[in-house]
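The structure appears below as structure tokens.
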Amino acid sequence: LGKQGYDAVKMMKSAETFYQSIAFPKLPETFWERSMLTRPRDRDVQCHPSAWHMDGKQDVRIKMCTRPIYDDLRTIYHELGHVYYYLWYQDQPFIFQTGAHDGFHEAVGDTVNLSMTPAYLAEIGLVPPVKPSQEAVINQQMKMALEKIAFLPFGKMIDEWRWQVFSGQVQPENYNAAWWALREKYQGIRPPVERTEADFDPVPRAGQHAVHAVLPVVHPAVPVPEGALRCGRVQGPAVGVLRLWQRGSRPEVRRNARQGRQPAVAGHAVRAD
């Protein structure tokens, strides 16, 4: 990609062209003006790729620290699936301006990724033409299996652990033990050395991104007293979320948790990964 002059904008344009080829429109001009497609030089940011619907209408954006590599190209094609889904239901009543299920949002981009075959990559000039072969099919199937099938037990495990924490079934003094119990149950793995509650192993995968980012997914199911969000405080089952924040590694996360606050959410903004 780098040798062929692909930067973040050209990679995004490639994905936009693909969606246009299946009858979707061009992206709004504001998408190009307001998206963060590369890592800023003047501040630290969370680089995990995500798509945002800021106003329920045409203000759609992507936040991503794009690198000229194939994995990031696939991610862009996936993230634009969220963006076009946002645009497609923007004229629906407010209650319907979301995916029917979180899996629907993910499925759009994942389905498009299935079209990024060697033949397609050759068609857009990224790789030389390739002849179909049994070996190539097996390689492609193995790659898909390693990406998708191998992830299933981890995905089941991390969501089950989250909900045990959010519901209060698992208390802070047992966070790490519960994490490893589920890893052994679903993934069949154990830690190479003894772990204690002082270690908090969920942080790398759950604490730094996934658990904080899960709020837009879980918050409709968390009862919050009227006025609680306006005054910046949450109660009830949301306490489990705050306890988890408290174990996070970022100073602002610990501060929000101590004060019983959740991070500010801008207006109508909705995000998806």
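Order determines the names: the first chain of the structure tokens is A, the second B, and so forth; residues in each chain are numbered 1 upward, and ligands are numbered 1 upward as they are shown.
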
- prompt: So which residues of region 22-147 of chain A fall under alpha helix (DSSP H) by DSSP, listed as a ChimeraX atom specification?
  reply: /A:29-34,70-88,102-113,118-123,134-144

- prompt: Which neighbours of Glu106 (chain A) fall inside 10 Å, counting only C-alpha atoms, when residues of the same chain fewer than 4 positions from it are skipped, and could you give them as number ranges by chain?
  reply: A: 78-79, 81-82, 99, 101-102, 110-111, 272-273

Distance query Thr117 (chain A) at most 12 Å, only C-alpha atoms, self and fewer than 4 positions along chain excluded, as a PDB file with C-alpha atoms, in the first residue's frame:
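The new file out-v7.pdb reads:
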```pdb
ATOM      1  CA  ARG A  74      -9.933  -4.185   5.781  1.00  0.00           C
ATOM      2  CA  THR A 111     -20.058  -9.024   4.768  1.00  0.00           C
ATOM      3  CA  VAL A 112     -18.227  -6.412   2.717  1.00  0.00           C
ATOM      4  CA  ASN A 113     -14.902  -7.788   3.967  1.00  0.00           C
ATOM      5  CA  LEU A 121      -7.512  -6.804  -4.729  1.00  0.00           C
ATOM      6  CA  ALA A 122      -6.086  -7.584  -8.162  1.00  0.00           C
ATOM      7  CA  GLU A 123      -8.952  -5.717  -9.814  1.00  0.00           C
ATOM      8  CA  ILE A 124      -8.126  -2.511  -7.936  1.00  0.00           C
ATOM      9  CA  LEU A 126      -3.131  -3.828  -5.171  1.00  0.00           C
ATOM     10  CA  VAL A 127      -1.837  -7.287  -6.055  1.00  0.00           C
ATOM     11  CA  PRO A 129      -3.594 -11.251 -10.902  1.00  0.00           C
ATOM     12  CA  VAL A 130      -3.868 -14.631  -9.215  1.00  0.00           C
ATOM     13  CA  LYS A 131      -5.177 -17.928 -10.518  1.00  0.00           C
ATOM     14  CA  PRO A 132      -7.708 -19.759  -8.342  1.00  0.00           C
ATOM     15  CA  ALA A 136      -5.427 -20.570  -2.235  1.00  0.00           C
ATOM     16  CA  VAL A 137      -8.938 -21.549  -1.137  1.00  0.00           C
ATOM     17  CA  ASN A 139      -5.338 -20.559   2.803  1.00  0.00           C
ATOM     18  CA  GLN A 140      -8.270 -18.149   2.665  1.00  0.00           C
ATOM     19  CA  GLN A 141     -10.468 -20.478   4.701  1.00  0.00           C
ATOM     20  CA  LYS A 143      -7.257 -17.230   7.624  1.00  0.00           C
ATOM     21  CA  MET A 144     -10.989 -16.760   8.144  1.00  0.00           C
TER      22      MET A 144
END
```

Pick out the residues sitting within 10 Å of region 49-52 of chain A, and hand them over as a PDB file with N, CA, C and O atoms, in the first residue's frame; count only C-alpha atoms, and ignore anything fewer than 3 positions along from it in its own chain.
```
ATOM      1  N   SER A  35     -13.680  13.825  10.169  1.00  0.00           N
ATOM      2  CA  SER A  35     -13.156  12.540  10.625  1.00  0.00           C
ATOM      3  C   SER A  35     -11.705  12.677  11.068  1.00  0.00           C
ATOM      4  O   SER A  35     -10.974  13.556  10.599  1.00  0.00           O
ATOM      5  N   MET A  36     -11.277  11.800  11.962  1.00  0.00           N
ATOM      6  CA  MET A  36      -9.866  11.708  12.351  1.00  0.00           C
ATOM      7  C   MET A  36      -9.325  10.432  11.718  1.00  0.00           C
ATOM      8  O   MET A  36      -9.591   9.333  12.186  1.00  0.00           O
ATOM      9  N   LEU A  37      -8.580  10.589  10.634  1.00  0.00           N
ATOM     10  CA  LEU A  37      -8.114   9.432   9.875  1.00  0.00           C
ATOM     11  C   LEU A  37      -6.675   9.065  10.170  1.00  0.00           C
ATOM     12  O   LEU A  37      -6.216   7.989   9.776  1.00  0.00           O
ATOM     13  N   GLN A  46      -7.237   7.726  21.749  1.00  0.00           N
ATOM     14  CA  GLN A  46      -7.534   6.304  21.704  1.00  0.00           C
ATOM     15  C   GLN A  46      -7.659   5.925  20.225  1.00  0.00           C
ATOM     16  O   GLN A  46      -8.563   6.376  19.526  1.00  0.00           O
ATOM     17  N   ASP A  55     -25.104  13.337  14.797  1.00  0.00           N
ATOM     18  CA  ASP A  55     -26.332  14.133  14.926  1.00  0.00           C
ATOM     19  C   ASP A  55     -27.583  13.394  14.482  1.00  0.00           C
ATOM     20  O   ASP A  55     -28.668  13.989  14.437  1.00  0.00           O
ATOM     21  N   GLY A  56     -27.457  12.100  14.159  1.00  0.00           N
ATOM     22  CA  GLY A  56     -28.630  11.376  13.685  1.00  0.00           C
ATOM     23  C   GLY A  56     -28.982  11.682  12.241  1.00  0.00           C
ATOM     24  O   GLY A  56     -29.976  11.173  11.720  1.00  0.00           O
ATOM     25  N   ASP A  59     -24.028  13.932   9.740  1.00  0.00           N
ATOM     26  CA  ASP A  59     -22.716  14.087  10.365  1.00  0.00           C
ATOM     27  C   ASP A  59     -22.198  12.727  10.827  1.00  0.00           C
ATOM     28  O   ASP A  59     -22.400  12.315  11.974  1.00  0.00           O
ATOM     29  N   VAL A  60     -21.538  12.041   9.916  1.00  0.00           N
ATOM     30  CA  VAL A  60     -20.944  10.736  10.216  1.00  0.00           C
ATOM     31  C   VAL A  60     -19.426  10.869  10.135  1.00  0.00           C
ATOM     32  O   VAL A  60     -18.903  11.629   9.324  1.00  0.00           O
ATOM     33  N   ARG A  61     -18.722  10.133  10.990  1.00  0.00           N
ATOM     34  CA  ARG A  61     -17.266  10.276  11.056  1.00  0.00           C
ATOM     35  C   ARG A  61     -16.616   8.936  11.377  1.00  0.00           C
ATOM     36  O   ARG A  61     -17.271   8.039  11.912  1.00  0.00           O
ATOM     37  N   ILE A  62     -15.340   8.851  11.086  1.00  0.00           N
ATOM     38  CA  ILE A  62     -14.528   7.719  11.510  1.00  0.00           C
ATOM     39  C   ILE A  62     -13.345   8.261  12.307  1.00  0.00           C
ATOM     40  O   ILE A  62     -12.762   9.290  11.947  1.00  0.00           O
ATOM     41  N   LYS A  63     -13.040   7.576  13.397  1.00  0.00           N
ATOM     42  CA  LYS A  63     -11.863   7.902  14.211  1.00  0.00           C
ATOM     43  C   LYS A  63     -10.916   6.713  14.122  1.00  0.00           C
ATOM     44  O   LYS A  63     -11.254   5.616  14.540  1.00  0.00           O
ATOM     45  N   MET A  64      -9.739   6.954  13.549  1.00  0.00           N
ATOM     46  CA  MET A  64      -8.825   5.843  13.295  1.00  0.00           C
ATOM     47  C   MET A  64      -7.420   6.375  13.022  1.00  0.00           C
ATOM     48  O   MET A  64      -7.262   7.391  12.335  1.00  0.00           O
ATOM     49  N   CYS A  65      -6.434   5.734  13.572  1.00  0.00           N
ATOM     50  CA  CYS A  65      -5.041   6.089  13.298  1.00  0.00           C
ATOM     51  C   CYS A  65      -4.544   5.195  12.163  1.00  0.00           C
ATOM     52  O   CYS A  65      -3.832   4.211  12.384  1.00  0.00           O
ATOM     53  N   THR A  66      -4.924   5.537  10.951  1.00  0.00           N
ATOM     54  CA  THR A  66      -4.718   4.666   9.800  1.00  0.00           C
ATOM     55  C   THR A  66      -3.244   4.513   9.446  1.00  0.00           C
ATOM     56  O   THR A  66      -2.488   5.494   9.406  1.00  0.00           O
ATOM     57  N   ASP A  72      -5.451  -2.543   8.088  1.00  0.00           N
ATOM     58  CA  ASP A  72      -6.166  -1.279   8.244  1.00  0.00           C
ATOM     59  C   ASP A  72      -7.097  -1.025   7.063  1.00  0.00           C
ATOM     60  O   ASP A  72      -8.158  -0.409   7.221  1.00  0.00           O
ATOM     61  N   THR A  75     -10.126  -2.920   7.829  1.00  0.00           N
ATOM     62  CA  THR A  75     -10.856  -2.235   8.889  1.00  0.00           C
ATOM     63  C   THR A  75     -11.653  -1.061   8.342  1.00  0.00           C
ATOM     64  O   THR A  75     -12.806  -0.829   8.735  1.00  0.00           O
ATOM     65  N   ILE A  76     -11.069  -0.328   7.400  1.00  0.00           N
ATOM     66  CA  ILE A  76     -11.774   0.806   6.798  1.00  0.00           C
ATOM     67  C   ILE A  76     -13.021   0.338   6.052  1.00  0.00           C
ATOM     68  O   ILE A  76     -14.099   0.941   6.186  1.00  0.00           O
ATOM     69  N   HIS A  78     -14.723  -2.202   6.711  1.00  0.00           N
ATOM     70  CA  HIS A  78     -15.671  -2.595   7.756  1.00  0.00           C
ATOM     71  C   HIS A  78     -16.315  -1.365   8.391  1.00  0.00           C
ATOM     72  O   HIS A  78     -17.545  -1.305   8.553  1.00  0.00           O
ATOM     73  N   GLU A  79     -15.512  -0.375   8.770  1.00  0.00           N
ATOM     74  CA  GLU A  79     -16.043   0.792   9.464  1.00  0.00           C
ATOM     75  C   GLU A  79     -17.010   1.579   8.592  1.00  0.00           C
ATOM     76  O   GLU A  79     -18.001   2.125   9.085  1.00  0.00           O
ATOM     77  N   LEU A  80     -16.760   1.634   7.297  1.00  0.00           N
ATOM     78  CA  LEU A  80     -17.708   2.325   6.419  1.00  0.00           C
ATOM     79  C   LEU A  80     -19.045   1.604   6.366  1.00  0.00           C
ATOM     80  O   LEU A  80     -20.074   2.214   6.056  1.00  0.00           O
ATOM     81  N   GLY A  81     -19.059   0.319   6.694  1.00  0.00           N
ATOM     82  CA  GLY A  81     -20.336  -0.391   6.818  1.00  0.00           C
ATOM     83  C   GLY A  81     -21.198   0.241   7.894  1.00  0.00           C
ATOM     84  O   GLY A  81     -22.414   0.440   7.726  1.00  0.00           O
ATOM     85  N   HIS A  82     -20.587   0.593   9.045  1.00  0.00           N
ATOM     86  CA  HIS A  82     -21.317   1.301  10.092  1.00  0.00           C
ATOM     87  C   HIS A  82     -21.803   2.662   9.592  1.00  0.00           C
ATOM     88  O   HIS A  82     -22.954   3.052   9.817  1.00  0.00           O
ATOM     89  N   VAL A  83     -20.917   3.373   8.910  1.00  0.00           N
ATOM     90  CA  VAL A  83     -21.243   4.721   8.446  1.00  0.00           C
ATOM     91  C   VAL A  83     -22.439   4.691   7.497  1.00  0.00           C
ATOM     92  O   VAL A  83     -23.390   5.484   7.632  1.00  0.00           O
ATOM     93  N   TYR A  84     -22.420   3.774   6.536  1.00  0.00           N
ATOM     94  CA  TYR A  84     -23.532   3.726   5.591  1.00  0.00           C
ATOM     95  C   TYR A  84     -24.814   3.218   6.247  1.00  0.00           C
ATOM     96  O   TYR A  84     -25.922   3.613   5.851  1.00  0.00           O
ATOM     97  N   TYR A  86     -25.630   3.990   9.321  1.00  0.00           N
ATOM     98  CA  TYR A  86     -26.133   5.209   9.956  1.00  0.00           C
ATOM     99  C   TYR A  86     -26.914   6.057   8.946  1.00  0.00           C
ATOM    100  O   TYR A  86     -28.016   6.530   9.231  1.00  0.00           O
ATOM    101  N   ALA A 213     -15.668   1.130  26.178  1.00  0.00           N
ATOM    102  CA  ALA A 213     -16.393   1.327  24.926  1.00  0.00           C
ATOM    103  C   ALA A 213     -17.725   0.608  24.916  1.00  0.00           C
ATOM    104  O   ALA A 213     -18.554   0.890  24.068  1.00  0.00           O
ATOM    105  N   ALA A 269     -24.629  11.533  19.840  1.00  0.00           N
ATOM    106  CA  ALA A 269     -23.582  10.729  19.195  1.00  0.00           C
ATOM    107  C   ALA A 269     -23.710   9.247  19.513  1.00  0.00           C
ATOM    108  O   ALA A 269     -23.929   8.852  20.646  1.00  0.00           O
ATOM    109  N   VAL A 270     -23.583   8.429  18.470  1.00  0.00           N
ATOM    110  CA  VAL A 270     -23.605   6.984  18.583  1.00  0.00           C
ATOM    111  C   VAL A 270     -22.347   6.466  17.926  1.00  0.00           C
ATOM    112  O   VAL A 270     -21.917   6.982  16.902  1.00  0.00           O
ATOM    113  N   ARG A 271     -21.729   5.430  18.530  1.00  0.00           N
ATOM    114  CA  ARG A 271     -20.533   4.892  17.915  1.00  0.00           C
ATOM    115  C   ARG A 271     -20.640   3.384  17.771  1.00  0.00           C
ATOM    116  O   ARG A 271     -21.415   2.715  18.447  1.00  0.00           O
ATOM    117  N   ALA A 272     -19.831   2.859  16.858  1.00  0.00           N
ATOM    118  CA  ALA A 272     -19.710   1.418  16.672  1.00  0.00           C
ATOM    119  C   ALA A 272     -18.284   1.125  16.257  1.00  0.00           C
ATOM    120  O   ALA A 272     -17.625   1.940  15.616  1.00  0.00           O
ATOM    121  N   ASP A 273     -17.810  -0.057  16.619  1.00  0.00           N
ATOM    122  CA  ASP A 273     -16.444  -0.468  16.267  1.00  0.00           C
ATOM    123  C   ASP A 273     -16.433  -1.348  15.033  1.00  0.00           C
ATOM    124  O   ASP A 273     -17.408  -2.014  14.758  1.00  0.00           O
TER     125      ASP A 273
END
```

message: as a VMD selection string, please: every residue in region 33-195 of chain A that DSSP puts in strand (DSSP E).
response: chain A and resid 50 to 53 60 to 63

Output file for the residues above (all heavy atoms, as a PDB file, in the first residue's frame):
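So the final result, stored in again.pdb, reads:
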```pdb
ATOM      1  N   SER A  50     -13.225   3.369  15.147  1.00  0.00           N
ATOM      2  CA  SER A  50     -14.653   3.421  15.446  1.00  0.00           C
ATOM      3  C   SER A  50     -15.345   4.362  14.478  1.00  0.00           C
ATOM      4  O   SER A  50     -14.739   5.284  13.933  1.00  0.00           O
ATOM      5  CB  SER A  50     -14.899   3.867  16.896  1.00  0.00           C
ATOM      6  OG  SER A  50     -14.253   5.092  17.153  1.00  0.00           O
ATOM      7  N   ALA A  51     -16.647   4.110  14.270  1.00  0.00           N
ATOM      8  CA  ALA A  51     -17.477   4.950  13.408  1.00  0.00           C
ATOM      9  C   ALA A  51     -18.495   5.672  14.281  1.00  0.00           C
ATOM     10  O   ALA A  51     -19.028   5.092  15.228  1.00  0.00           O
ATOM     11  CB  ALA A  51     -18.183   4.089  12.357  1.00  0.00           C
ATOM     12  N   TRP A  52     -18.780   6.923  13.938  1.00  0.00           N
ATOM     13  CA  TRP A  52     -19.624   7.766  14.780  1.00  0.00           C
ATOM     14  C   TRP A  52     -20.739   8.418  13.978  1.00  0.00           C
ATOM     15  O   TRP A  52     -20.539   8.860  12.854  1.00  0.00           O
ATOM     16  CB  TRP A  52     -18.771   8.858  15.426  1.00  0.00           C
ATOM     17  CG  TRP A  52     -17.756   8.331  16.376  1.00  0.00           C
ATOM     18  CD1 TRP A  52     -16.555   7.744  16.070  1.00  0.00           C
ATOM     19  CD2 TRP A  52     -17.853   8.304  17.803  1.00  0.00           C
ATOM     20  NE1 TRP A  52     -15.904   7.365  17.212  1.00  0.00           N
ATOM     21  CE2 TRP A  52     -16.669   7.700  18.299  1.00  0.00           C
ATOM     22  CE3 TRP A  52     -18.815   8.740  18.714  1.00  0.00           C
ATOM     23  CZ2 TRP A  52     -16.439   7.519  19.651  1.00  0.00           C
ATOM     24  CZ3 TRP A  52     -18.576   8.570  20.068  1.00  0.00           C
ATOM     25  CH2 TRP A  52     -17.399   7.964  20.526  1.00  0.00           C
ATOM     26  N   HIS A  53     -21.911   8.464  14.589  1.00  0.00           N
ATOM     27  CA  HIS A  53     -23.070   9.167  14.033  1.00  0.00           C
ATOM     28  C   HIS A  53     -23.370  10.302  15.001  1.00  0.00           C
ATOM     29  O   HIS A  53     -23.958  10.093  16.057  1.00  0.00           O
ATOM     30  CB  HIS A  53     -24.261   8.208  13.944  1.00  0.00           C
ATOM     31  CG  HIS A  53     -25.321   8.672  12.993  1.00  0.00           C
ATOM     32  ND1 HIS A  53     -26.551   8.063  12.905  1.00  0.00           N
ATOM     33  CD2 HIS A  53     -25.334   9.672  12.073  1.00  0.00           C
ATOM     34  CE1 HIS A  53     -27.274   8.659  11.974  1.00  0.00           C
ATOM     35  NE2 HIS A  53     -26.551   9.639  11.465  1.00  0.00           N
ATOM     36  N   VAL A  60     -21.538  12.041   9.916  1.00  0.00           N
ATOM     37  CA  VAL A  60     -20.944  10.736  10.216  1.00  0.00           C
ATOM     38  C   VAL A  60     -19.426  10.869  10.135  1.00  0.00           C
ATOM     39  O   VAL A  60     -18.903  11.629   9.324  1.00  0.00           O
ATOM     40  CB  VAL A  60     -21.444   9.650   9.233  1.00  0.00           C
ATOM     41  CG1 VAL A  60     -22.901   9.317   9.496  1.00  0.00           C
ATOM     42  CG2 VAL A  60     -21.254  10.092   7.780  1.00  0.00           C
ATOM     43  N   ARG A  61     -18.722  10.133  10.990  1.00  0.00           N
ATOM     44  CA  ARG A  61     -17.266  10.276  11.056  1.00  0.00           C
ATOM     45  C   ARG A  61     -16.616   8.936  11.377  1.00  0.00           C
ATOM     46  O   ARG A  61     -17.271   8.039  11.912  1.00  0.00           O
ATOM     47  CB  ARG A  61     -16.865  11.287  12.145  1.00  0.00           C
ATOM     48  CG  ARG A  61     -17.627  12.596  12.095  1.00  0.00           C
ATOM     49  CD  ARG A  61     -17.196  13.537  13.202  1.00  0.00           C
ATOM     50  NE  ARG A  61     -18.108  14.666  13.326  1.00  0.00           N
ATOM     51  CZ  ARG A  61     -17.960  15.663  14.186  1.00  0.00           C
ATOM     52  NH1 ARG A  61     -16.895  15.668  15.000  1.00  0.00           N
ATOM     53  NH2 ARG A  61     -18.832  16.648  14.248  1.00  0.00           N
ATOM     54  N   ILE A  62     -15.340   8.851  11.086  1.00  0.00           N
ATOM     55  CA  ILE A  62     -14.528   7.719  11.510  1.00  0.00           C
ATOM     56  C   ILE A  62     -13.345   8.261  12.307  1.00  0.00           C
ATOM     57  O   ILE A  62     -12.762   9.290  11.947  1.00  0.00           O
ATOM     58  CB  ILE A  62     -14.054   6.881  10.310  1.00  0.00           C
ATOM     59  CG1 ILE A  62     -15.183   5.968   9.828  1.00  0.00           C
ATOM     60  CG2 ILE A  62     -12.815   6.050  10.657  1.00  0.00           C
ATOM     61  CD1 ILE A  62     -14.840   5.088   8.655  1.00  0.00           C
ATOM     62  N   LYS A  63     -13.040   7.576  13.397  1.00  0.00           N
ATOM     63  CA  LYS A  63     -11.863   7.902  14.211  1.00  0.00           C
ATOM     64  C   LYS A  63     -10.916   6.713  14.122  1.00  0.00           C
ATOM     65  O   LYS A  63     -11.254   5.616  14.540  1.00  0.00           O
ATOM     66  CB  LYS A  63     -12.258   8.152  15.662  1.00  0.00           C
ATOM     67  CG  LYS A  63     -11.071   8.431  16.586  1.00  0.00           C
ATOM     68  CD  LYS A  63     -11.517   8.580  18.028  1.00  0.00           C
ATOM     69  CE  LYS A  63     -12.015   7.273  18.593  1.00  0.00           C
ATOM     70  NZ  LYS A  63     -10.945   6.244  18.710  1.00  0.00           N
TER      71      LYS A  63
END
```

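In this structure, CA of Met54 (chain A) sits 22.3 Å away from CA of Gln20 (chain A).
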
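Comparing the minimum interatomic distances between Ala150 (chain A) and each of A:Phe18, A:Phe94, A:Phe200, A:Tyr186, counting only C-alpha atoms, we find that A:Tyr186 sits nearest.
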
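Going from CA of Thr38 (chain A) to CA of Glu16 (chain A) covers 17.3 Å.
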